[in-house]
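K.L.:
Have a peek at coords-v8.cif (mmCIF, C-alpha atoms).
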```cif
data_start
#
loop_
_atom_site.label_atom_id
_atom_site.label_comp_id
_atom_site.auth_asym_id
_atom_site.auth_seq_id
_atom_site.Cartn_x
_atom_site.Cartn_y
_atom_site.Cartn_z
CA MET B 1 -46.45 72.36 -12.50
CA ARG B 2 -45.70 68.70 -12.96
CA ILE B 3 -42.10 67.48 -12.51
CA ALA B 4 -40.98 64.94 -15.08
CA THR B 5 -39.88 61.51 -13.91
CA THR B 6 -36.45 62.05 -15.46
CA GLN B 7 -35.97 65.19 -13.37
CA ILE B 8 -36.86 63.31 -10.19
CA PHE B 9 -34.45 60.57 -11.13
CA GLN B 10 -31.64 63.07 -11.92
CA ARG B 11 -32.14 64.85 -8.62
CA GLY B 12 -31.80 61.54 -6.83
CA VAL B 13 -28.61 60.72 -8.69
CA ASP B 14 -27.19 64.19 -7.99
CA SER B 15 -28.03 63.83 -4.30
CA MET B 16 -26.30 60.46 -4.11
CA LEU B 17 -23.21 61.82 -5.89
CA ASP B 18 -23.05 64.78 -3.50
CA GLN B 19 -23.34 62.47 -0.53
CA GLN B 20 -20.67 60.17 -1.95
CA ALA B 21 -18.37 63.20 -2.29
CA ARG B 22 -19.00 64.10 1.36
CA VAL B 23 -18.23 60.55 2.45
CA PHE B 24 -15.08 60.47 0.32
CA LYS B 25 -13.90 63.80 1.75
CA THR B 26 -14.44 62.65 5.31
CA GLN B 27 -12.56 59.44 4.55
CA LEU B 28 -9.65 61.50 3.21
CA GLN B 29 -9.71 63.68 6.31
CA LEU B 30 -9.53 60.60 8.50
CA SER B 31 -6.72 59.14 6.42
CA ALA B 32 -4.67 62.35 6.58
CA ASN B 33 -5.80 63.27 10.11
CA LYS B 34 -6.40 66.82 8.85
CA ARG B 35 -9.40 69.10 9.41
CA PHE B 36 -9.02 70.58 5.93
CA LEU B 37 -7.48 69.15 2.79
CA SER B 38 -6.91 72.36 0.84
CA PRO B 39 -6.54 76.05 1.79
CA SER B 40 -9.93 76.81 0.26
CA ASP B 41 -11.62 74.59 2.87
CA ASP B 42 -10.56 77.00 5.65
CA PRO B 43 -8.44 79.96 4.43
CA THR B 44 -7.92 81.39 7.93
CA ALA B 45 -6.70 78.10 9.39
CA ALA B 46 -4.54 77.48 6.32
CA ALA B 47 -2.79 80.82 6.84
CA GLN B 48 -2.19 79.94 10.49
CA VAL B 49 -0.72 76.57 9.50
CA LEU B 50 1.59 78.26 7.00
CA GLY B 51 2.86 80.65 9.66
CA LEU B 52 3.31 77.91 12.25
CA ASN B 53 5.19 75.66 9.82
CA GLU B 54 7.53 78.53 9.01
CA SER B 55 8.18 79.14 12.72
CA ILE B 56 8.81 75.42 13.23
CA ALA B 57 11.32 75.36 10.36
CA ILE B 58 13.17 78.39 11.75
CA ASN B 59 13.25 76.90 15.24
CA LYS B 60 14.54 73.62 13.80
CA GLN B 61 17.39 75.55 12.16
CA TYR B 62 18.24 77.09 15.53
CA SER B 63 18.42 73.59 16.97
CA THR B 64 20.71 72.48 14.13
CA ASN B 65 22.91 75.50 14.76
CA THR B 66 23.18 74.79 18.48
CA LYS B 67 24.39 71.26 17.77
CA ALA B 68 26.94 72.54 15.23
CA ALA B 69 28.15 75.22 17.66
CA GLN B 70 28.42 72.70 20.48
CA THR B 71 30.43 70.27 18.35
CA ARG B 72 32.84 72.94 17.16
CA LEU B 73 33.38 74.37 20.65
CA GLU B 74 33.94 70.91 22.09
CA ILE B 75 36.65 70.31 19.49
CA GLU B 76 38.26 73.64 20.43
CA GLU B 77 38.00 72.79 24.12
CA THR B 78 39.73 69.45 23.57
CA SER B 79 42.51 71.13 21.58
CA LEU B 80 43.07 73.70 24.30
CA ASP B 81 43.17 70.99 26.95
CA GLY B 82 45.94 69.32 24.97
CA ALA B 83 47.80 72.61 24.62
CA ILE B 84 47.51 73.32 28.35
CA ASN B 85 48.90 69.89 29.21
CA ALA B 86 51.81 70.37 26.80
CA LEU B 87 52.61 73.84 28.18
CA GLN B 88 52.44 72.64 31.75
CA ARG B 89 54.85 69.85 30.89
CA ALA B 90 57.15 72.37 29.19
CA ARG B 91 57.06 74.49 32.34
CA GLU B 92 58.06 71.49 34.47
CA LEU B 93 60.99 70.89 32.13
CA ALA B 94 61.91 74.58 32.18
CA VAL B 95 62.02 74.60 35.99
CA ARG B 96 64.21 71.51 35.92
CA GLY B 97 66.46 72.92 33.22
CA VAL B 98 67.21 76.21 34.94
CA ASN B 99 68.43 74.34 38.02
CA GLY B 100 72.13 74.97 38.37
CA THR B 101 72.83 71.32 39.04
CA GLN B 102 71.86 70.29 35.51
CA SER B 103 74.63 69.22 33.16
CA ALA B 104 74.93 70.28 29.53
CA GLU B 105 73.93 66.77 28.46
CA SER B 106 70.80 66.70 30.63
CA ARG B 107 69.75 70.11 29.30
CA ARG B 108 70.11 68.85 25.73
CA GLY B 109 67.85 65.92 26.66
CA ILE B 110 65.30 68.34 28.10
CA ALA B 111 65.54 70.42 24.92
CA GLN B 112 64.63 67.41 22.78
CA GLU B 113 61.39 66.89 24.67
CA ILE B 114 60.60 70.60 24.47
CA ARG B 115 61.04 70.44 20.68
CA GLN B 116 58.46 67.67 20.59
CA LEU B 117 56.11 69.70 22.77
CA THR B 118 56.54 72.65 20.41
CA ASP B 119 55.45 70.49 17.46
CA GLN B 120 52.53 69.19 19.50
CA VAL B 121 51.26 72.66 20.40
CA LEU B 122 51.72 73.80 16.79
CA SER B 123 49.69 70.82 15.57
CA LEU B 124 46.93 71.55 18.09
CA ALA B 125 46.86 75.19 16.98
CA ASN B 126 46.19 73.92 13.43
CA THR B 127 43.29 71.70 14.52
CA ARG B 128 40.42 71.26 12.04
CA ASP B 129 36.78 70.54 12.72
CA SER B 130 34.71 67.76 11.13
CA SER B 131 34.22 69.91 8.01
CA GLY B 132 37.95 70.38 7.53
CA GLU B 133 37.89 74.02 8.64
CA TYR B 134 40.61 75.35 10.92
CA ILE B 135 39.40 76.09 14.43
CA PHE B 136 41.91 78.85 15.25
CA ALA B 137 42.04 80.71 11.92
CA GLY B 138 39.40 83.29 12.83
CA ALA B 139 37.20 84.04 9.83
CA GLN B 140 39.83 82.55 7.47
CA SER B 141 38.74 79.03 8.34
CA LEU B 142 40.00 77.46 5.12
CA THR B 143 43.54 78.80 5.62
CA GLN B 144 46.05 76.96 7.81
CA PRO B 145 46.65 79.50 10.56
CA PHE B 146 50.12 78.62 11.87
CA SER B 147 53.38 77.77 10.15
CA HIS B 148 57.03 77.41 11.10
CA ASP B 149 59.96 78.15 8.83
CA GLY B 150 62.16 75.60 10.62
CA ALA B 151 64.51 78.27 11.96
CA GLY B 152 62.47 79.69 14.83
CA GLY B 153 60.15 81.87 12.78
CA PHE B 154 56.43 81.34 13.41
CA ALA B 155 53.69 83.03 11.39
CA TYR B 156 49.93 83.40 11.72
CA ALA B 157 47.87 83.49 8.51
CA GLY B 158 44.41 83.83 10.04
CA ASP B 159 42.67 86.93 11.35
CA GLN B 160 41.03 88.11 14.56
CA GLY B 161 37.49 87.38 13.40
CA GLN B 162 35.06 85.14 15.25
CA ARG B 163 32.46 83.08 13.45
CA GLN B 164 28.97 83.47 14.87
CA LEU B 165 26.01 81.12 14.68
CA GLN B 166 22.40 82.11 15.31
CA ILE B 167 21.09 79.75 17.99
CA GLY B 168 17.93 81.64 18.90
CA PRO B 169 15.69 84.48 17.71
CA SER B 170 17.90 87.04 19.45
CA ARG B 171 21.00 85.01 20.36
CA GLN B 172 24.23 84.46 18.46
CA ILE B 173 27.20 82.51 19.80
CA ALA B 174 30.88 82.65 18.86
CA VAL B 175 31.98 79.21 17.65
CA GLY B 176 35.71 79.78 17.68
CA ASP B 177 38.57 81.94 18.89
CA SER B 178 41.25 83.64 16.88
CA GLY B 179 44.60 81.88 17.08
CA LEU B 180 46.16 85.32 17.36
CA ASP B 181 44.40 85.85 20.70
CA VAL B 182 45.02 82.31 21.92
CA PHE B 183 48.64 81.61 20.97
CA MET B 184 50.26 84.80 19.68
CA LYS B 185 49.29 87.70 21.95
CA ILE B 186 51.05 86.47 25.06
CA ASP B 187 52.67 88.99 27.39
CA ASN B 188 56.45 88.76 27.34
CA ALA B 189 58.48 88.40 30.52
CA ALA B 190 59.11 92.14 30.78
CA GLY B 191 55.44 93.00 30.27
CA THR B 192 56.33 95.42 27.48
CA GLY B 193 54.87 93.52 24.53
CA TYR B 194 53.82 90.17 23.16
CA GLN B 195 55.64 86.96 22.38
CA ASP B 196 53.91 83.97 20.83
CA VAL B 197 53.96 80.70 22.70
CA PHE B 198 55.81 78.90 19.90
CA THR B 199 58.74 81.31 20.03
CA THR B 200 58.87 80.88 23.80
CA LEU B 201 59.10 77.09 23.46
CA TYR B 202 61.60 77.29 20.60
CA SER B 203 63.81 79.74 22.50
CA LEU B 204 63.65 77.59 25.62
CA ALA B 205 64.85 74.53 23.71
CA THR B 206 67.58 76.54 21.94
CA GLU B 207 68.89 77.91 25.22
CA PHE B 208 69.04 74.48 26.83
CA GLU B 209 70.83 73.09 23.79
CA ALA B 210 73.41 75.85 24.32
CA ASP B 211 73.61 74.90 28.01
CA THR B 212 72.17 78.24 29.09
CA ALA B 213 69.11 78.95 31.19
CA ASN B 214 66.75 81.92 31.25
CA THR B 215 64.03 82.16 33.90
CA ASP B 216 62.13 84.61 31.66
CA ARG B 217 60.89 81.59 29.73
CA ILE B 218 59.12 80.29 32.83
CA THR B 219 57.35 83.62 33.21
CA GLU B 220 56.33 83.53 29.54
CA LEU B 221 55.07 79.96 29.88
CA ASP B 222 53.02 81.00 32.92
CA ASN B 223 51.53 83.84 30.89
CA ALA B 224 50.75 81.46 28.01
CA ILE B 225 49.10 78.89 30.28
CA ASN B 226 46.98 81.56 31.98
CA ASN B 227 45.91 82.96 28.63
CA VAL B 228 44.83 79.58 27.26
CA LEU B 229 43.02 78.80 30.51
CA GLU B 230 41.07 82.06 30.18
CA VAL B 231 40.05 81.17 26.62
CA ARG B 232 39.01 77.71 27.76
CA ALA B 233 36.86 79.21 30.53
CA ARG B 234 35.06 81.38 27.97
CA ILE B 235 34.37 78.27 25.88
CA GLY B 236 32.84 76.60 28.92
CA ALA B 237 30.57 79.62 29.43
CA ARG B 238 29.48 79.46 25.77
CA LEU B 239 28.72 75.74 26.02
CA ASN B 240 26.55 76.43 29.07
CA ALA B 241 24.75 79.19 27.16
CA ILE B 242 24.14 76.78 24.27
CA ASP B 243 22.63 74.22 26.65
CA ARG B 244 20.25 76.83 28.06
CA GLU B 245 19.24 78.07 24.61
CA GLU B 246 18.64 74.52 23.40
CA GLN B 247 16.22 73.95 26.29
CA VAL B 248 14.37 77.13 25.33
CA ASN B 249 14.23 76.01 21.69
CA LEU B 250 12.90 72.58 22.67
CA ALA B 251 10.18 74.08 24.84
CA TYR B 252 9.19 76.48 22.04
CA SER B 253 9.12 73.60 19.56
CA VAL B 254 6.64 71.75 21.76
CA GLN B 255 4.44 74.85 21.94
CA LEU B 256 4.52 75.32 18.17
CA GLN B 257 3.69 71.66 17.50
CA SER B 258 0.80 71.84 19.96
CA ALA B 259 -0.56 74.99 18.32
CA LEU B 260 -0.22 73.39 14.87
CA SER B 261 -2.09 70.31 16.06
CA ASP B 262 -4.91 72.46 17.45
CA VAL B 263 -5.32 74.23 14.12
CA GLN B 264 -5.02 71.41 11.59
CA ASP B 265 -5.46 68.04 13.28
CA LEU B 266 -8.79 66.26 12.97
CA ASP B 267 -11.02 65.30 15.91
CA LEU B 268 -11.03 61.59 15.12
CA ALA B 269 -14.04 60.70 17.24
CA GLU B 270 -16.12 63.50 15.76
CA ALA B 271 -15.03 62.66 12.22
CA ALA B 272 -15.78 58.95 12.68
CA THR B 273 -19.28 59.81 13.90
CA GLU B 274 -19.81 62.12 10.95
CA LEU B 275 -18.62 59.43 8.50
CA ASN B 276 -21.06 56.95 9.99
CA ARG B 277 -23.92 59.45 9.67
CA GLN B 278 -23.00 60.27 6.05
CA THR B 279 -22.79 56.57 5.18
CA VAL B 280 -26.27 55.93 6.62
CA VAL B 281 -27.67 58.86 4.63
CA LEU B 282 -26.04 57.60 1.44
CA GLN B 283 -27.44 54.12 1.96
CA ALA B 284 -30.89 55.57 2.59
#
```
Just give me the structure of the file as structure tokens.

P.N.:
Amino acid sequence: MRIATTQIFQRGVDSMLDQQARVFKTQLQLSANKRFLSPSDDPTAAAQVLGLNESIAINKQYSTNTKAAQTRLEIEETSLDGAINALQRARELAVRGVNGTQSAESRRGIAQEIRQLTDQVLSLANTRDSSGEYIFAGAQSLTQPFSHDGAGGFAYAGDQGQRQLQIGPSRQIAVGDSGLDVFMKIDNAAGTGYQDVFTTLYSLATEFEADTANTDRITELDNAINNVLEVRARIGARLNAIDREEQVNLAYSVQLQSALSDVQDLDLAEAATELNRQTVVLQA
């Protein structure tokens, strides 16, 4: 059977077009540095890439969460440091005030500073984070936790909840402490119940203004300081845990990126050689 000239010509054209398509595809692969340009090129590899990208996105969210948790806990830690300093100063003043050599006038002067320290601790207990949420309100982070009626009455409007952030596949971390546990549930001097730290400070100032002294307030201040120190220590432990988890997340991220590169990245040397071969064939 004889083949018509037009058929020979068309086959040549079709061959050149096919070769041009191969060259163009290889050029695209080199430009994108990808072994395949669509899932149909390699369905198995495409499924692996999809799974790896999902794992990378989840791990990235863990990293974001660790940074958010670290920032929030550092703000809480700074607030507690301020509260500890204020309470320790109040204790120094209390020890001075109960001394029998103090005059009524000197005790009133001490009381004025204690009033200022009370306001300072109250302000620290109402600390907000960078998002405007209250650190010590428990789960009620949009509600101001502490208030004072101006007559010695202090109230807590938060709850005992703790916000948790997922910082790893199987690890959550508490990113706050309830103000009830930090400032309100302080053992009283008799050890028979609780007295909040604000009432202790307010009562101390009131007693000095009346030229009276009560050593129970020193005991209550000691209890308050110890309680806040314990909370601060737990924050330090959480920050250390976050650091360790972040290192794990970083190492896992490197592994995922390496696996993704193995699956989808192009062998540039091999592709360049193939492009050169295809170009020679097309020219021929």

K.L.:
Of the candidates B:Ser131, B:Gln247, B:Ser103, B:Thr200, which one gets nearest to Ile75 of chain B if we count all atoms listed in the file?

P.N.:
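Using all atoms listed in the file, Ile75 of chain B sits closest to B:Ser131.
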
K.L.:
Restricting the calculation to only C-alpha atoms: of B:Thr66, B:Glu76, B:Gln88, B:Ile110, which residue gets closest to Asp211 of chain B?

P.N.:
B:Ile110

K.L.:
Which polymer residues, protein or nucleic acid, are no farther than 12 Å from (64.7, 76.7, 11.3), counting all atoms listed in the file, as an mmCIF file with C-alpha atoms, in the frame of the given file?

P.N.:
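Saved to point_9.cif:
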```
data_model
loop_
_atom_site.group_PDB
_atom_site.id
_atom_site.type_symbol
_atom_site.label_atom_id
_atom_site.label_comp_id
_atom_site.auth_asym_id
_atom_site.auth_seq_id
_atom_site.Cartn_x
_atom_site.Cartn_y
_atom_site.Cartn_z
ATOM 1 C CA ARG B 115 61.040 70.440 20.680
ATOM 2 C CA SER B 147 53.380 77.770 10.150
ATOM 3 C CA HIS B 148 57.030 77.410 11.100
ATOM 4 C CA ASP B 149 59.960 78.150 8.830
ATOM 5 C CA GLY B 150 62.160 75.600 10.620
ATOM 6 C CA ALA B 151 64.510 78.270 11.960
ATOM 7 C CA GLY B 152 62.470 79.690 14.830
ATOM 8 C CA GLY B 153 60.150 81.870 12.780
ATOM 9 C CA PHE B 154 56.430 81.340 13.410
ATOM 10 C CA THR B 199 58.740 81.310 20.030
ATOM 11 C CA TYR B 202 61.600 77.290 20.600
ATOM 12 C CA SER B 203 63.810 79.740 22.500
ATOM 13 C CA THR B 206 67.580 76.540 21.940
#
```

K.L.:
Pick the closest to Gly100 of chain B from B:Asp262, B:Asn240, B:Ile225, B:Phe208: which is it, counting only C-alpha atoms?

P.N.:
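Selected residue with least distance to Gly100 of chain B: B:Phe208.
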
K.L.:
For Glu246 of chain B, find every residue with an atom within 8 Å (counting only C-alpha atoms), except residues of its own chain fewer than 2 positions away, and show them as an mmCIF file with C-alpha atoms, keeping the file's coordinate frame.

P.N.:
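Saved file around12.cif follows:
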```cif
data_model
loop_
_atom_site.group_PDB
_atom_site.id
_atom_site.type_symbol
_atom_site.label_atom_id
_atom_site.label_comp_id
_atom_site.auth_asym_id
_atom_site.auth_seq_id
_atom_site.Cartn_x
_atom_site.Cartn_y
_atom_site.Cartn_z
ATOM 1 C CA SER B 63 18.420 73.590 16.970
ATOM 2 C CA THR B 66 23.180 74.790 18.480
ATOM 3 C CA ILE B 167 21.090 79.750 17.990
ATOM 4 C CA ILE B 242 24.140 76.780 24.270
ATOM 5 C CA ASP B 243 22.630 74.220 26.650
ATOM 6 C CA ARG B 244 20.250 76.830 28.060
ATOM 7 C CA VAL B 248 14.370 77.130 25.330
ATOM 8 C CA ASN B 249 14.230 76.010 21.690
ATOM 9 C CA LEU B 250 12.900 72.580 22.670
#
```

K.L.:
Applied to the shown file, which residues does the PyMOL selection byres ((chain B and resi 238) around 9) return, written as number ranges by chain?

P.N.:
B: 70, 73, 173-175, 233-237, 239-243

K.L.:
Pick the closest to Asp187 of chain B from B:Leu117, B:Ala224, B:Leu256, B:Ala83: which is it, counting only C-alpha atoms?

P.N.:
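Answer, going by the shortest atom-to-atom distance: B:Ala224.
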
K.L.:
So, with only C-alpha atoms as the atoms that count, which of B:Glu92, B:Ala259, B:Glu245, B:Ala205 lies closest to Ser170 of chain B?

P.N.:
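Among the listed residues, the smallest separation from Ser170 of chain B belongs to B:Glu245.
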
K.L.:
For the file shown, what are the residues hit by the PyMOL selection byres ((chain B and resi 98) around 9), laid out as JSON, numbers by chain?

P.N.:
{"B": [93, 94, 95, 96, 97, 99, 100, 101, 102, 107, 208, 212, 213, 214, 215]}

K.L.:
Could you tell me which residues the PyMOL selection byres ((chain B and resi 222) around 10) returns for this structure, as a list in words?

P.N.:
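Checked against the file, the PyMOL selection byres ((chain B and resi 222) around 10) matches Leu87, Gln88, Arg91, Ile186, Asp187, Ala189, Asp216, Arg217, Ile218, Thr219, Glu220, Leu221, Asn223, Ala224, Ile225, Asn226 and Asn227 of chain B.
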
K.L.:
Quick one: distance from atom CA of Leu165 of chain B to atom CA of Ala139 of chain B in Å, one decimal?

P.N.:
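These two atoms are separated by 12.5 Å.
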
K.L.:
For segment 166-182 of chain B, I'd like the enclosing box, axis-aligned and padded by 6 Å on every side, reported as lines of an AutoDock Vina configuration file with centre and edge lengths in Å to one decimal.

P.N.:
```
center_x = 30.9
center_y = 83.1
center_z = 18.6
size_x = 42.5
size_y = 19.8
size_z = 18.6
```

K.L.:
The residues within 12 Å of (2.2, 81.6, 13.5), using all atoms listed in the file and the coordinates of the file, should be reported as a PDB file with C-alpha atoms, in the frame of the given file; which are they?

P.N.:
```pdb
ATOM      1  CA  THR B  44      -7.920  81.390   7.930  1.00  0.00           C
ATOM      2  CA  ALA B  45      -6.700  78.100   9.390  1.00  0.00           C
ATOM      3  CA  ALA B  46      -4.540  77.480   6.320  1.00  0.00           C
ATOM      4  CA  ALA B  47      -2.790  80.820   6.840  1.00  0.00           C
ATOM      5  CA  GLN B  48      -2.190  79.940  10.490  1.00  0.00           C
ATOM      6  CA  VAL B  49      -0.720  76.570   9.500  1.00  0.00           C
ATOM      7  CA  LEU B  50       1.590  78.260   7.000  1.00  0.00           C
ATOM      8  CA  GLY B  51       2.860  80.650   9.660  1.00  0.00           C
ATOM      9  CA  LEU B  52       3.310  77.910  12.250  1.00  0.00           C
ATOM     10  CA  ASN B  53       5.190  75.660   9.820  1.00  0.00           C
ATOM     11  CA  GLU B  54       7.530  78.530   9.010  1.00  0.00           C
ATOM     12  CA  SER B  55       8.180  79.140  12.720  1.00  0.00           C
ATOM     13  CA  ILE B  56       8.810  75.420  13.230  1.00  0.00           C
ATOM     14  CA  ALA B  57      11.320  75.360  10.360  1.00  0.00           C
ATOM     15  CA  ILE B  58      13.170  78.390  11.750  1.00  0.00           C
ATOM     16  CA  GLN B 255       4.440  74.850  21.940  1.00  0.00           C
ATOM     17  CA  LEU B 256       4.520  75.320  18.170  1.00  0.00           C
ATOM     18  CA  GLN B 257       3.690  71.660  17.500  1.00  0.00           C
ATOM     19  CA  SER B 258       0.800  71.840  19.960  1.00  0.00           C
ATOM     20  CA  ALA B 259      -0.560  74.990  18.320  1.00  0.00           C
ATOM     21  CA  LEU B 260      -0.220  73.390  14.870  1.00  0.00           C
ATOM     22  CA  VAL B 263      -5.320  74.230  14.120  1.00  0.00           C
TER      23      VAL B 263
END
```

K.L.:
Please measure the separation of atom CA of Glu230 of chain B and atom CA of Phe136 of chain B, giving the value in Å to one decimal.

P.N.:
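If I compute the distance from atom CA of Glu230 of chain B to atom CA of Phe136 of chain B, I get 15.3 Å.
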
K.L.:
What is the distance, in Å and to one decimal place, between atom CA of Gly179 of chain B and atom CA of Gln160 of chain B?

P.N.:
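About the pair atom CA of Gly179 of chain B and atom CA of Gln160 of chain B: they are 7.6 Å apart.
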